[in-house]
$ cat start30.txt   # compact mmCIF, C-alpha atoms
# COMPACT_ATOMS: atom_id res chain seq x y z
CA MET A 187 2.59 50.51 -6.56
CA LYS A 188 5.55 48.12 -6.45
CA LEU A 189 4.15 46.30 -3.43
CA ILE A 190 0.83 45.64 -5.11
CA PHE A 191 2.56 44.37 -8.22
CA LEU A 192 4.71 41.98 -6.16
CA PHE A 193 1.59 40.65 -4.43
CA VAL A 194 -0.03 39.97 -7.78
CA VAL A 195 3.02 38.18 -9.15
CA LEU A 196 3.39 36.00 -6.05
CA PHE A 197 -0.21 34.94 -5.97
CA SER A 198 -1.09 34.52 -9.61
CA GLY A 199 -1.16 31.25 -11.45
CA ALA A 200 0.69 28.02 -10.80
CA ALA A 201 4.33 28.53 -9.88
CA LEU A 202 5.51 25.15 -11.13
CA ALA A 203 7.15 25.03 -14.53
CA GLN A 204 5.97 21.45 -14.97
CA ASN A 205 3.67 19.24 -12.94
CA ARG A 206 5.26 15.98 -11.86
CA SER A 207 3.37 13.14 -10.23
CA GLY A 208 4.55 11.79 -6.89
CA LEU A 209 5.37 8.62 -8.78
CA GLU A 210 8.42 10.32 -10.28
CA PHE A 211 9.86 10.77 -6.80
CA ALA A 212 9.07 7.26 -5.61
CA SER A 213 11.51 4.37 -5.35
CA GLU A 214 11.64 1.62 -7.93
CA GLU A 215 9.89 -0.80 -5.60
CA VAL A 216 7.03 1.60 -4.97
CA ARG A 217 6.68 2.26 -8.70
CA ARG A 218 6.63 -1.46 -9.38
CA LEU A 219 3.97 -2.01 -6.71
CA GLN A 220 1.75 0.69 -8.15
CA ALA A 221 2.13 -0.65 -11.67
CA SER A 222 0.99 -4.15 -10.76
CA ASP A 223 -2.76 -4.54 -10.24
CA ALA A 224 -2.06 -8.02 -8.90
CA GLU A 225 0.23 -6.71 -6.15
CA ASN A 226 -1.03 -3.18 -5.48
CA PRO A 227 -2.86 -3.38 -2.11
CA GLY A 228 -4.96 -0.38 -3.15
CA MET A 229 -6.75 -2.59 -5.66
CA LEU A 230 -8.41 -4.38 -2.73
CA TRP A 231 -10.30 -1.16 -2.03
CA VAL A 232 -11.07 -0.68 -5.72
CA ASP A 233 -12.52 -4.20 -5.79
CA GLN A 234 -14.55 -3.49 -2.68
CA GLY A 235 -15.71 -0.23 -4.25
CA ALA A 236 -16.87 -1.99 -7.40
CA LYS A 237 -19.02 -4.31 -5.28
CA LEU A 238 -20.44 -1.45 -3.21
CA PHE A 239 -21.12 0.59 -6.33
CA ALA A 240 -23.08 -2.26 -7.86
CA GLN A 241 -25.07 -2.67 -4.66
CA LYS A 242 -25.76 0.94 -3.72
CA CYS A 243 -25.23 3.22 -6.71
CA ALA A 244 -25.81 1.32 -9.93
CA SER A 245 -29.56 1.65 -9.71
CA CYS A 246 -29.16 5.36 -10.51
CA HIS A 247 -25.65 5.70 -11.88
CA ALA A 248 -24.05 4.20 -14.95
CA SER A 249 -20.38 4.51 -15.91
CA MET A 250 -18.14 6.61 -13.69
CA LYS A 251 -15.50 7.03 -16.38
CA GLY A 252 -14.16 10.59 -16.43
CA VAL A 253 -16.09 11.67 -13.35
CA ALA A 254 -13.13 11.89 -10.97
CA THR A 255 -11.25 14.25 -13.32
CA ARG A 256 -13.78 16.97 -12.53
CA TYR A 257 -13.59 16.86 -8.74
CA PRO A 258 -13.55 18.87 -6.50
CA ALA A 259 -16.48 20.53 -8.27
CA LEU A 260 -18.68 23.51 -7.52
CA GLU A 261 -22.34 22.97 -6.79
CA ASN A 262 -24.41 26.05 -6.07
CA GLY A 263 -21.22 27.91 -5.21
CA ARG A 264 -20.15 25.24 -2.73
CA ILE A 265 -16.96 23.19 -3.15
CA VAL A 266 -17.79 19.48 -3.26
CA THR A 267 -15.09 16.81 -3.13
CA LEU A 268 -15.55 13.31 -4.53
CA GLU A 269 -15.96 12.07 -0.95
CA GLY A 270 -18.58 14.71 -0.33
CA LYS A 271 -20.44 13.76 -3.48
CA VAL A 272 -20.39 10.05 -2.72
CA ARG A 273 -21.91 10.81 0.68
CA HIS A 274 -24.95 12.40 -0.90
CA LYS A 275 -27.04 9.27 -0.60
CA GLU A 276 -25.44 7.61 2.41
CA ALA A 277 -23.28 9.49 4.90
CA PHE A 278 -20.30 7.12 5.09
CA ALA A 279 -17.82 8.17 7.73
CA TYR A 280 -14.71 9.92 6.45
CA GLU A 281 -11.84 7.46 6.11
CA SER A 282 -14.17 4.49 6.51
CA ASP A 283 -13.34 1.53 4.30
CA GLU A 284 -16.65 2.00 2.45
CA LEU A 285 -15.97 5.62 1.54
CA LEU A 286 -12.36 4.85 0.62
CA ALA A 287 -13.49 1.92 -1.49
CA LEU A 288 -16.14 3.88 -3.38
CA THR A 289 -13.90 6.89 -4.06
CA ALA A 290 -11.05 4.57 -5.04
CA TYR A 291 -13.30 2.71 -7.45
CA ILE A 292 -14.68 5.90 -8.99
CA ALA A 293 -11.25 7.51 -9.34
CA ASN A 294 -9.83 4.28 -10.73
CA GLN A 295 -12.44 4.47 -13.49
CA SER A 296 -10.62 7.64 -14.60
CA ARG A 297 -7.13 6.18 -14.28
CA GLY A 298 -4.87 7.59 -16.97
CA MET A 299 -7.19 10.53 -17.69
CA PRO A 300 -5.92 14.07 -17.04
CA ILE A 301 -7.32 16.13 -14.19
CA LYS A 302 -9.56 18.87 -15.53
CA VAL A 303 -10.82 21.14 -12.79
CA ASN A 304 -11.78 24.66 -13.87
CA PRO A 305 -13.49 26.66 -11.16
CA PRO A 306 -14.02 30.44 -11.42
CA ALA A 307 -10.72 32.11 -10.50
CA GLU A 308 -11.99 33.72 -7.30
CA LYS A 309 -12.94 30.31 -5.87
CA LEU A 310 -9.25 29.44 -5.76
CA ASP A 311 -8.24 32.45 -3.69
CA ILE A 312 -8.69 31.01 -0.22
CA GLY A 313 -7.07 27.68 -1.03
CA ARG A 314 -4.20 29.40 -2.78
CA LYS A 315 -3.64 31.72 0.16
CA ALA A 316 -3.65 28.69 2.49
CA TYR A 317 -1.05 26.99 0.31
CA TYR A 318 1.33 29.93 0.58
CA SER A 319 0.70 30.72 4.25
CA ARG A 320 3.07 29.66 7.00
CA ARG A 321 1.53 27.44 9.62
CA GLY A 322 2.31 25.40 12.69
CA GLN A 323 5.23 25.26 15.06
CA MET A 324 7.52 24.70 12.10
CA ASN A 325 6.13 27.87 10.59
CA LEU A 326 6.28 26.59 7.04
CA ALA A 327 3.91 26.90 4.10
CA CYS A 328 3.12 24.05 1.70
CA ALA A 329 5.02 26.02 -0.93
CA HIS A 330 8.27 25.95 1.02
CA CYS A 331 8.66 22.21 0.49
CA HIS A 332 6.53 21.45 -2.51
CA GLU A 333 7.21 24.43 -4.69
CA GLN A 334 10.60 25.78 -3.66
CA ASN A 335 12.34 22.59 -2.64
CA TRP A 336 10.80 19.66 -4.48
CA GLY A 337 13.42 17.26 -5.70
CA LYS A 338 15.64 17.94 -2.69
CA HIS A 339 16.03 15.64 0.29
CA LEU A 340 14.34 15.70 3.67
CA GLY A 341 16.06 12.94 5.59
CA ALA A 342 16.13 9.91 3.34
CA GLU A 343 13.13 11.06 1.37
CA THR A 344 12.93 13.15 -1.76
CA LEU A 345 10.43 15.98 -1.54
CA SER A 346 7.71 15.67 -4.13
CA GLN A 347 5.56 18.47 -5.55
CA GLY A 348 2.73 17.28 -3.33
CA GLN A 349 0.44 16.39 -6.21
CA PRO A 350 -2.95 14.85 -5.43
CA ASN A 351 -3.46 12.80 -8.60
CA GLY A 352 -3.07 9.38 -6.99
CA TYR A 353 -5.59 9.67 -4.21
CA PRO A 354 -7.13 7.82 -2.51
CA ALA A 355 -3.76 6.14 -2.25
CA TYR A 356 -2.20 3.22 -0.43
CA ARG A 357 0.38 4.76 1.82
CA LEU A 358 2.98 2.34 3.18
CA GLU A 359 3.30 4.44 6.31
CA TRP A 360 -0.41 3.89 7.00
CA GLN A 361 -0.31 0.27 5.85
CA LYS A 362 -3.69 1.21 4.44
CA MET A 363 -5.64 3.20 1.89
CA GLY A 364 -6.21 6.86 2.72
CA SER A 365 -7.79 9.96 1.27
CA LEU A 366 -6.18 13.20 0.14
CA GLU A 367 -7.58 14.89 3.24
CA ARG A 368 -5.83 12.36 5.44
CA ARG A 369 -2.60 13.04 3.63
CA ILE A 370 -2.96 16.79 3.98
CA ARG A 371 -3.63 16.40 7.70
CA ALA A 372 -0.58 14.15 8.00
CA CYS A 373 1.58 16.84 6.41
CA MET A 374 0.20 19.47 8.74
CA PHE A 375 0.81 17.18 11.68
CA GLY A 376 4.42 17.12 10.61
CA LEU A 377 4.44 20.90 10.83
CA HIS A 378 2.81 20.70 14.28
CA ALA A 379 -0.04 22.76 12.92
CA GLU A 380 -3.72 22.60 13.72
CA LEU A 381 -5.41 19.96 11.60
CA PRO A 382 -8.43 21.11 9.61
CA PRO A 383 -11.32 18.68 10.24
CA TYR A 384 -12.37 16.26 7.53
CA GLY A 385 -14.83 17.87 5.13
CA SER A 386 -14.33 21.33 6.60
CA ASP A 387 -14.38 24.52 4.52
CA ALA A 388 -10.65 25.02 4.99
CA MET A 389 -9.95 21.48 3.81
CA ARG A 390 -12.14 21.71 0.74
CA GLU A 391 -10.74 25.07 -0.28
CA LEU A 392 -7.20 23.77 -0.09
CA GLU A 393 -8.15 20.62 -1.97
CA LEU A 394 -9.73 22.63 -4.79
CA PHE A 395 -6.54 24.62 -5.19
CA LEU A 396 -4.32 21.51 -5.00
CA VAL A 397 -6.27 19.64 -7.65
CA TRP A 398 -6.54 22.71 -9.92
CA ARG A 399 -2.77 23.09 -9.56
CA ALA A 400 -2.44 19.49 -10.74
CA ASN A 401 -4.49 20.03 -13.90
CA GLY A 402 -3.17 17.87 -16.72
CA LEU A 403 -1.68 15.19 -14.49
CA PRO A 404 -3.22 11.77 -15.11
CA ILE A 405 -5.20 10.15 -12.33
CA GLU A 406 -3.26 7.22 -10.88
CA THR A 407 -5.67 5.90 -8.29
CA PRO A 408 -4.89 3.65 -6.54
CA ALA A 409 -1.41 5.11 -6.19
CA VAL A 410 1.17 3.62 -3.84
CA ARG A 411 3.18 6.10 -1.82
CA ARG A 412 5.63 5.91 1.07
CA MET B 57 18.50 -30.88 -11.10
CA ARG B 58 18.22 -28.72 -8.06
CA ARG B 59 14.51 -29.28 -8.18
CA ARG B 60 14.78 -32.80 -6.84
CA LYS B 61 16.07 -31.42 -3.58
CA PHE B 62 13.02 -29.22 -3.29
CA ILE B 63 12.67 -26.91 -0.38
CA GLY B 64 10.39 -28.66 2.08
CA THR B 65 10.12 -25.90 4.60
CA LEU B 66 11.60 -22.47 4.69
CA THR B 67 11.77 -20.07 7.59
CA ALA B 68 12.42 -16.38 7.33
CA LEU B 69 13.69 -14.85 10.57
CA ALA B 70 15.13 -11.56 11.62
CA VAL B 71 18.20 -12.26 13.73
CA SER B 72 21.64 -10.84 14.52
CA PRO B 73 24.34 -10.72 11.83
CA HIS B 74 25.70 -14.18 12.68
CA ILE B 75 23.33 -17.09 12.87
CA SER B 76 23.56 -18.50 16.34
CA THR B 77 22.37 -22.06 16.28
CA THR B 78 21.63 -21.83 19.99
CA ASP B 79 19.27 -18.91 19.42
CA PRO B 80 15.89 -20.24 20.63
CA LEU B 81 14.03 -19.14 17.51
CA VAL B 82 16.59 -20.72 15.21
CA TYR B 83 16.71 -23.82 17.42
CA SER B 84 12.95 -24.26 17.26
CA PHE B 85 13.33 -24.64 13.52
CA THR B 86 16.56 -26.58 13.19
CA GLN B 87 16.53 -28.61 16.44
CA GLY B 88 20.25 -27.95 16.75
CA ARG B 89 21.23 -29.38 13.39
CA PRO B 90 24.01 -27.57 11.52
CA VAL B 91 23.11 -24.68 9.21
CA GLN B 92 25.33 -23.87 6.27
CA PRO B 93 25.36 -20.51 4.53
CA GLY B 94 24.53 -20.65 0.85
CA ARG B 95 22.00 -21.67 -1.78
CA ILE B 96 19.51 -19.03 -0.71
CA GLU B 97 19.03 -15.74 -2.47
CA LEU B 98 17.16 -12.96 -0.72
CA GLU B 99 15.83 -10.24 -2.96
CA ILE B 100 15.24 -7.32 -0.67
CA PRO B 101 15.44 -3.62 -1.53
CA PRO B 102 18.34 -2.12 0.42
CA LEU B 103 16.24 0.72 1.82
CA ALA B 104 12.84 0.41 3.47
CA GLU B 105 10.61 1.97 6.11
CA ASN B 106 8.44 0.76 9.00
CA ASN B 107 7.61 -1.78 11.84
CA PRO B 108 8.93 -4.50 14.29
CA VAL B 109 8.97 -8.29 15.25
CA ARG B 110 11.61 -11.00 14.95
CA ASP B 111 9.97 -14.01 13.42
CA MET B 112 8.51 -13.17 10.08
CA ALA B 113 7.06 -16.22 8.43
CA VAL B 114 7.44 -19.88 7.64
CA PHE B 115 6.54 -21.17 4.22
CA TYR B 116 5.94 -24.79 3.41
CA LEU B 117 6.40 -25.77 -0.20
CA GLY B 118 5.26 -29.20 -1.23
CA ALA B 119 6.10 -31.40 -4.15
CA HIS B 120 3.57 -29.48 -6.25
CA CYS B 121 5.66 -26.33 -5.96
CA PRO B 122 8.32 -26.99 -8.55
CA ARG B 123 10.09 -23.72 -7.94
CA ALA B 124 11.62 -22.91 -4.57
CA GLU B 125 10.68 -19.25 -4.70
CA VAL B 126 8.35 -17.34 -2.39
CA SER B 127 7.66 -13.61 -2.19
CA SER B 128 5.97 -11.53 0.44
CA ARG B 129 6.26 -8.10 2.02
CA LEU B 130 7.92 -7.49 5.37
CA ARG B 131 7.92 -4.73 7.91
CA LEU B 132 11.08 -3.74 9.72
CA ASN B 133 11.48 -1.21 12.52
CA GLY B 134 15.16 -0.55 12.20
CA SER B 135 18.17 -1.37 10.08
CA GLN B 136 18.95 -5.03 10.49
CA GLN B 137 19.94 -8.32 8.96
CA VAL B 138 17.11 -10.35 7.50
CA VAL B 139 17.86 -14.06 7.51
CA ALA B 140 16.19 -16.96 5.77
CA ILE B 141 16.74 -20.58 6.67
CA ALA B 142 15.57 -23.40 4.46
CA GLU B 143 15.17 -27.05 5.19
CA LEU B 144 15.45 -29.26 2.16
CA SER B 145 13.76 -32.59 1.70
CA ASP B 146 17.10 -34.32 2.27
CA GLY B 147 17.17 -32.88 5.78
CA SER B 148 19.92 -30.35 5.18
CA PHE B 149 19.61 -26.72 6.25
CA TRP B 150 20.77 -23.70 4.29
CA SER B 151 20.75 -19.99 5.02
CA GLY B 152 20.93 -16.66 3.24
CA ALA B 153 20.96 -13.14 4.59
CA ALA B 154 20.56 -9.57 3.45
CA PHE B 155 21.11 -6.35 5.30
CA VAL B 156 18.32 -3.80 5.09
CA GLU B 157 18.73 -0.18 6.02
CA VAL B 158 15.64 1.31 7.55
CA ARG B 159 15.14 5.02 7.82
CA GLU B 160 12.49 7.00 9.66
CA ALA B 161 9.99 8.99 7.63
CA ALA B 162 11.00 12.62 7.12
CA CYS B 163 7.98 13.91 9.04
CA THR B 164 5.90 12.22 11.72
CA ASP B 165 2.50 11.39 10.35
CA GLY B 166 0.24 11.23 13.39
CA GLY B 167 -2.25 9.21 11.37
CA MET C 16 -15.00 -11.45 5.48
CA ALA C 17 -11.65 -10.23 4.27
CA LEU C 18 -11.43 -9.36 0.62
CA ALA C 19 -8.70 -10.96 -1.44
CA ARG C 20 -7.34 -10.63 -4.94
CA ILE C 21 -5.91 -13.73 -6.58
CA ASP C 22 -3.84 -13.41 -9.71
CA LEU C 23 -3.42 -16.39 -12.02
CA PRO C 24 -2.71 -16.64 -15.71
CA GLN C 25 -5.88 -16.97 -17.81
CA GLU C 26 -4.79 -20.36 -19.01
CA ALA C 27 -1.89 -22.73 -18.53
CA ARG C 28 -0.65 -25.77 -20.37
CA ARG C 29 -0.37 -29.06 -18.57
CA GLY C 30 2.98 -29.30 -16.81
CA GLU C 31 3.63 -25.58 -17.07
CA LEU C 32 4.93 -23.46 -14.17
CA VAL C 33 2.25 -21.07 -12.96
CA GLU C 34 2.87 -17.95 -10.88
CA VAL C 35 0.26 -17.54 -8.15
CA ARG C 36 -0.18 -14.19 -6.42
CA ILE C 37 -2.60 -13.27 -3.68
CA VAL C 38 -3.19 -10.05 -1.70
CA ILE C 39 -5.51 -10.24 1.29
CA GLN C 40 -7.13 -7.23 2.92
CA HIS C 41 -6.11 -7.48 6.56
CA PRO C 42 -4.59 -4.91 8.94
CA MET C 43 -2.06 -7.38 10.42
CA GLU C 44 -2.13 -5.33 13.61
CA THR C 45 1.13 -5.62 15.50
CA GLY C 46 -0.33 -4.84 18.88
CA PHE C 47 2.16 -1.97 19.19
CA ARG C 48 0.08 0.68 17.50
CA ARG C 49 -1.90 3.29 19.42
CA ALA C 50 -5.27 4.59 18.28
CA PRO C 51 -5.99 8.35 18.14
CA GLN C 52 -7.26 8.36 21.74
CA GLY C 53 -4.06 6.70 22.92
CA GLU C 54 -5.32 3.19 23.59
CA ARG C 55 -3.38 0.24 22.18
CA VAL C 56 -4.81 -1.45 19.15
CA PRO C 57 -4.74 -5.17 20.02
CA ARG C 58 -2.65 -7.60 18.02
CA ASN C 59 -4.49 -9.32 15.21
CA ALA C 60 -2.68 -10.89 12.34
CA ILE C 61 -3.32 -13.74 9.95
CA HIS C 62 -1.21 -16.55 11.35
CA SER C 63 -2.14 -19.52 9.18
CA LEU C 64 -2.77 -19.77 5.48
CA VAL C 65 -3.31 -22.83 3.34
CA CYS C 66 -3.70 -23.19 -0.39
CA ARG C 67 -5.24 -26.29 -1.90
CA TYR C 68 -5.21 -27.26 -5.53
CA ARG C 69 -7.44 -30.13 -6.64
CA GLY C 70 -8.15 -30.59 -2.95
CA ILE C 71 -4.49 -31.23 -2.16
CA GLU C 72 -2.47 -28.86 0.02
CA VAL C 73 0.18 -27.29 -2.18
CA PHE C 74 1.30 -24.30 -0.13
CA ARG C 75 1.13 -23.39 3.51
CA ALA C 76 2.36 -20.37 5.42
CA THR C 77 2.67 -19.39 9.06
CA LEU C 78 2.69 -15.62 9.15
CA SER C 79 3.30 -13.12 11.91
CA THR C 80 3.06 -9.39 12.46
CA GLY C 81 6.40 -9.00 10.69
CA ILE C 82 4.55 -9.47 7.44
CA ALA C 83 3.23 -6.20 6.03
CA ALA C 84 -0.48 -5.38 6.29
CA ASN C 85 -2.70 -6.52 3.45
CA PRO C 86 -0.37 -9.51 3.12
CA PHE C 87 0.99 -10.41 -0.22
CA LEU C 88 2.17 -13.90 -1.16
CA ARG C 89 3.61 -15.20 -4.37
CA PHE C 90 4.63 -18.77 -5.15
CA PHE C 91 4.79 -21.19 -8.05
CA LEU C 92 2.67 -24.17 -8.90
CA ARG C 93 2.79 -26.85 -11.54
CA ALA C 94 -0.42 -26.89 -13.58
CA THR C 95 -1.74 -30.40 -13.88
CA GLU C 96 -5.48 -30.11 -14.53
CA SER C 97 -8.25 -27.52 -14.53
CA ALA C 98 -9.30 -27.11 -10.95
CA GLU C 99 -9.92 -24.60 -8.21
CA LEU C 100 -7.20 -22.98 -6.19
CA ASP C 101 -8.65 -22.73 -2.72
CA PHE C 102 -7.16 -20.34 -0.17
CA TRP C 103 -8.07 -20.43 3.51
CA TRP C 104 -6.67 -18.39 6.36
CA LEU C 105 -7.13 -17.74 10.07
CA ASP C 106 -6.23 -14.73 12.18
CA ASP C 107 -5.53 -14.11 15.89
CA ASP C 108 -9.19 -13.19 16.45
CA ASP C 109 -10.12 -16.66 15.15
CA VAL C 110 -11.76 -15.13 12.10
CA GLN C 111 -11.48 -17.31 9.02
CA GLY C 112 -11.26 -16.08 5.49
CA SER C 113 -11.26 -17.77 2.14
CA ALA C 114 -10.96 -17.05 -1.53
CA LYS C 115 -10.79 -19.16 -4.62
CA ALA C 116 -9.88 -18.91 -8.24
CA ARG C 117 -10.06 -21.34 -11.09
CA LEU C 118 -6.95 -22.47 -12.89
CA ASN C 119 -7.74 -23.45 -16.48
CA VAL C 120 -5.37 -26.04 -17.81
CA THR C 121 -5.32 -27.11 -21.43
$ encode --input "start30.txt" --output "structure tokens"
Amino acid sequence: MKLIFLFVVLFSGAALAQNRSGLEFASEEVRRLQASDAENPGMLWVDQGAKLFAQKCASCHASMKGVATRYPALENGRIVTLEGKVRHKEAFAYESDELLALTAYIANQSRGMPIKVNPPAEKLDIGRKAYYSRRGQMNLACAHCHEQNWGKHLGAETLSQGQPNGYPAYRLEWQKMGSLERRIRACMFGLHAELPPYGSDAMRELELFLVWRANGLPIETPAVRR
Amino acid sequence: MRRRKFIGTLTALAVSPHISTTDPLVYSFTQGRPVQPGRIELEIPPLAENNPVRDMAVFYLGAHCPRAEVSSRLRLNGSQQVVAIAELSDGSFWSGAAFVEVREAACTDGG
Amino acid sequence: MALARIDLPQEARRGELVEVRIVIQHPMETGFRRAPQGERVPRNAIHSLVCRYRGIEVFRATLSTGIAANPFLRFFLRATESAELDFWWLDDDDVQGSAKARLNVT
């Protein structure tokens, strides 16, 4: 009986008392960069996205305001990310400038609006389990850093809660814009774990859980991160 | 007042802690003329991350640039001194330096 | 053609100091990076940039790979009359880029 109860407590609900954006853990310079549309390199992709949207999407779609707050979404039981949705008409390659630009533009249209993703509870199970499962040579779960040790230091960096609300984001390490999936893969690479392919089931399930976990946090796209 | 001696050309270099006027990169800019420390302020965050290369940039400000101030973003691969040398329209050279600590990312990214 | 974002005040008075900011989309490849398959990504950075105002060169920069990708530049200009600010640049692959913005001077 006790064991089952423990299992339920460990795996139920969000274990963070309060969601904090990655911005709170960033340096002053990074915060300043993100706050300035004139200097934020991510805005270059937003601009490109606006042009592409006008060319390829505007004939069917009007305003994208609020749309990004609802993704990943469920369509016929299948988890669809914003990237996946954008690819419905034209299959842009994952991490291509076009796909990054379009998703950045669409998410930017929801900048400042809180994430509101509400899938049926059972759809979160796999992603949640993945979040709490150890992986890789380092044998660590996402939760070890981002739930149990956020705010503490890893080298010169402060561990964040690993919130997804700024993606696609301009990461200084990449010297480029990148998607949430790229960031997740980068983290897993750090653990020397197998990297789930872009757009794979495993990736989308984890993303759904991550974004649901971030409910309430305002979208910051294009965020700037280290 | 300082504006009359506007900065004609300014070089930003990454060199060793002391400016060696015989250093080929410095020489290519100053042609051996004396460089005095002072009159340059470098605003650089003390902690940064990323990439290599010694010569960073040269900026040329003309008479239409009334303020001798330029900003950009650099990449550094390790903790080092960042040096800027400016040539004023009166032919004098001035330098300023700032030390930047560079740390590796906590985890390797792998792209 | 590389995208760029130029930031200028909406309007400036004659004789006023104007802050000019530009970000250009460009990888500024150092030539040290390796692609996923292990091959070196060749060096390609913007090395020359010129800004003209009223057709006169007001700012010039020689950049190298030490400048961060998606290069950002900020400098000051004296507003004299309403005219275009014309940026032009060239990279190691001999690809040119340009962008312009209008400065309105009252």
$ residues_near_point --input "start30.txt" --point "(7.5, -12.3, 3.2)" --cutoff "12 Å" --atoms "only C-alpha atoms" --output "ChimeraX atom specification"
/B:66-70,98-100,111-115,125-132,138-140 /C:38,76-90
$ residues_around --input "start30.txt" --residues "Asn59 of chain C" --least-positions-apart "4" --cutoff "12 Å" --atoms "all atoms listed in the file" --output "ChimeraX atom specification"
/C:41-48,55,78-82,84,105-110
$ interface_residues --input "start30.txt" --of "chain A" --to "chain C" --cutoff "12 Å" --atoms "all atoms listed in the file" --output "tab-separated table (two decimals) with C-alpha atoms, keeping the file's coordinate frame"
chain	number	residue	atom	x	y	z
A	219	LEU	CA	3.97	-2.01	-6.71
A	222	SER	CA	0.99	-4.15	-10.76
A	223	ASP	CA	-2.76	-4.54	-10.24
A	224	ALA	CA	-2.06	-8.02	-8.90
A	225	GLU	CA	0.23	-6.71	-6.15
A	226	ASN	CA	-1.03	-3.18	-5.48
A	227	PRO	CA	-2.86	-3.38	-2.11
A	228	GLY	CA	-4.96	-0.38	-3.15
A	229	MET	CA	-6.75	-2.59	-5.66
A	230	LEU	CA	-8.41	-4.38	-2.73
A	231	TRP	CA	-10.30	-1.16	-2.03
A	232	VAL	CA	-11.07	-0.68	-5.72
A	233	ASP	CA	-12.52	-4.20	-5.79
A	234	GLN	CA	-14.55	-3.49	-2.68
A	235	GLY	CA	-15.71	-0.23	-4.25
A	237	LYS	CA	-19.02	-4.31	-5.28
A	283	ASP	CA	-13.34	1.53	4.30
A	287	ALA	CA	-13.49	1.92	-1.49
A	356	TYR	CA	-2.20	3.22	-0.43
A	357	ARG	CA	0.38	4.76	1.82
A	358	LEU	CA	2.98	2.34	3.18
A	359	GLU	CA	3.30	4.44	6.31
A	360	TRP	CA	-0.41	3.89	7.00
A	361	GLN	CA	-0.31	0.27	5.85
A	362	LYS	CA	-3.69	1.21	4.44
A	363	MET	CA	-5.64	3.20	1.89
$ closest_atom_pairs --input "start30.txt" --of "chain B" --to "chain A" --cutoff "6 Å" --atoms "all atoms listed in the file" --output "JSON lines"
{"residue": "B:Ala162", "atom": "CA", "partner": "A:Gly341", "partner_atom": "CA", "distance": 5.3}
{"residue": "B:Cys163", "atom": "CA", "partner": "A:Gly376", "partner_atom": "CA", "distance": 5.0}
{"residue": "B:Thr164", "atom": "CA", "partner": "A:Gly376", "partner_atom": "CA", "distance": 5.2}
{"residue": "B:Asp165", "atom": "CA", "partner": "A:Ala372", "partner_atom": "CA", "distance": 4.8}
$ closest_residue --input "start30.txt" --among "C:Val120, C:Ala98, C:Ala27, C:Leu32" --to "chain B" --atoms "all atoms listed in the file"
C:Leu32
$ residues_near_point --input "start30.txt" --point "(5.8, -27.4, -8.1)" --cutoff "7 Å" --atoms "all atoms listed in the file" --output "VMD selection string"
(chain B and resid 119 to 123) or (chain C and resid 91 to 93)
$ residues_around --input "start30.txt" --residues "Val216 of chain A" --least-positions-apart "4" --cutoff "8 Å" --atoms "only C-alpha atoms" --output "compact mmCIF listing (two decimals) with C-alpha atoms, in the frame of the given file"
# COMPACT_ATOMS: atom_id res chain seq x y z
CA ALA A 212 9.07 7.26 -5.61
CA GLN A 220 1.75 0.69 -8.15
CA VAL A 410 1.17 3.62 -3.84
CA ARG A 411 3.18 6.10 -1.82
CA ARG A 412 5.63 5.91 1.07
$ residues_around --input "start30.txt" --residues "Gly313 of chain A" --least-positions-apart "3" --cutoff "6 Å" --atoms "all atoms listed in the file" --output "PDB file with C-alpha atoms, keeping the file's coordinate frame"
ATOM      1  CA  LEU A 310      -9.250  29.440  -5.760  1.00  0.00           C
ATOM      2  CA  ALA A 316      -3.650  28.690   2.490  1.00  0.00           C
ATOM      3  CA  GLU A 391     -10.740  25.070  -0.280  1.00  0.00           C
ATOM      4  CA  LEU A 392      -7.200  23.770  -0.090  1.00  0.00           C
ATOM      5  CA  PHE A 395      -6.540  24.620  -5.190  1.00  0.00           C
TER       6      PHE A 395
END
$ residues_around --input "start30.txt" --residues "segment 328-332 of chain A" --least-positions-apart "6" --cutoff "7 Å" --atoms "all atoms listed in the file" --output "PyMOL selection string"
chain A and resi 317-318+345-348
$ atom_distance --input "start30.txt" --atom1 "atom CA of Ala355 of chain A" --atom2 "atom CA of Tyr291 of chain A"
11.4 Å
$ closest_residue --input "start30.txt" --among "C:Ala60, C:Trp103, C:Val73, C:Gln25" --to "chain B" --atoms "all atoms listed in the file"
C:Val73
$ atom_distance --input "start30.txt" --atom1 "atom CA of Tyr68 of chain C" --atom2 "atom CA of Arg28 of chain C"
15.6 Å
$ closest_residue --input "start30.txt" --among "B:Leu144, B:Ala124, B:Phe149, B:Glu160" --to "Gly88 of chain B" --atoms "all atoms listed in the file"
B:Phe149
$ atom_distance --input "start30.txt" --atom1 "atom CA of Pro408 of chain A" --atom2 "atom CA of Met250 of chain A"
15.3 Å
$ residues_around --input "start30.txt" --residues "Trp104 of chain C" --least-positions-apart "6" --cutoff "6 Å" --atoms "all atoms listed in the file" --output "ChimeraX atom specification"
/C:63-64,111-112
$ closest_residue --input "start30.txt" --among "A:Leu366, A:Cys246, A:Ile265, A:Ala240" --to "Asn304 of chain A" --atoms "all atoms listed in the file"
A:Ile265
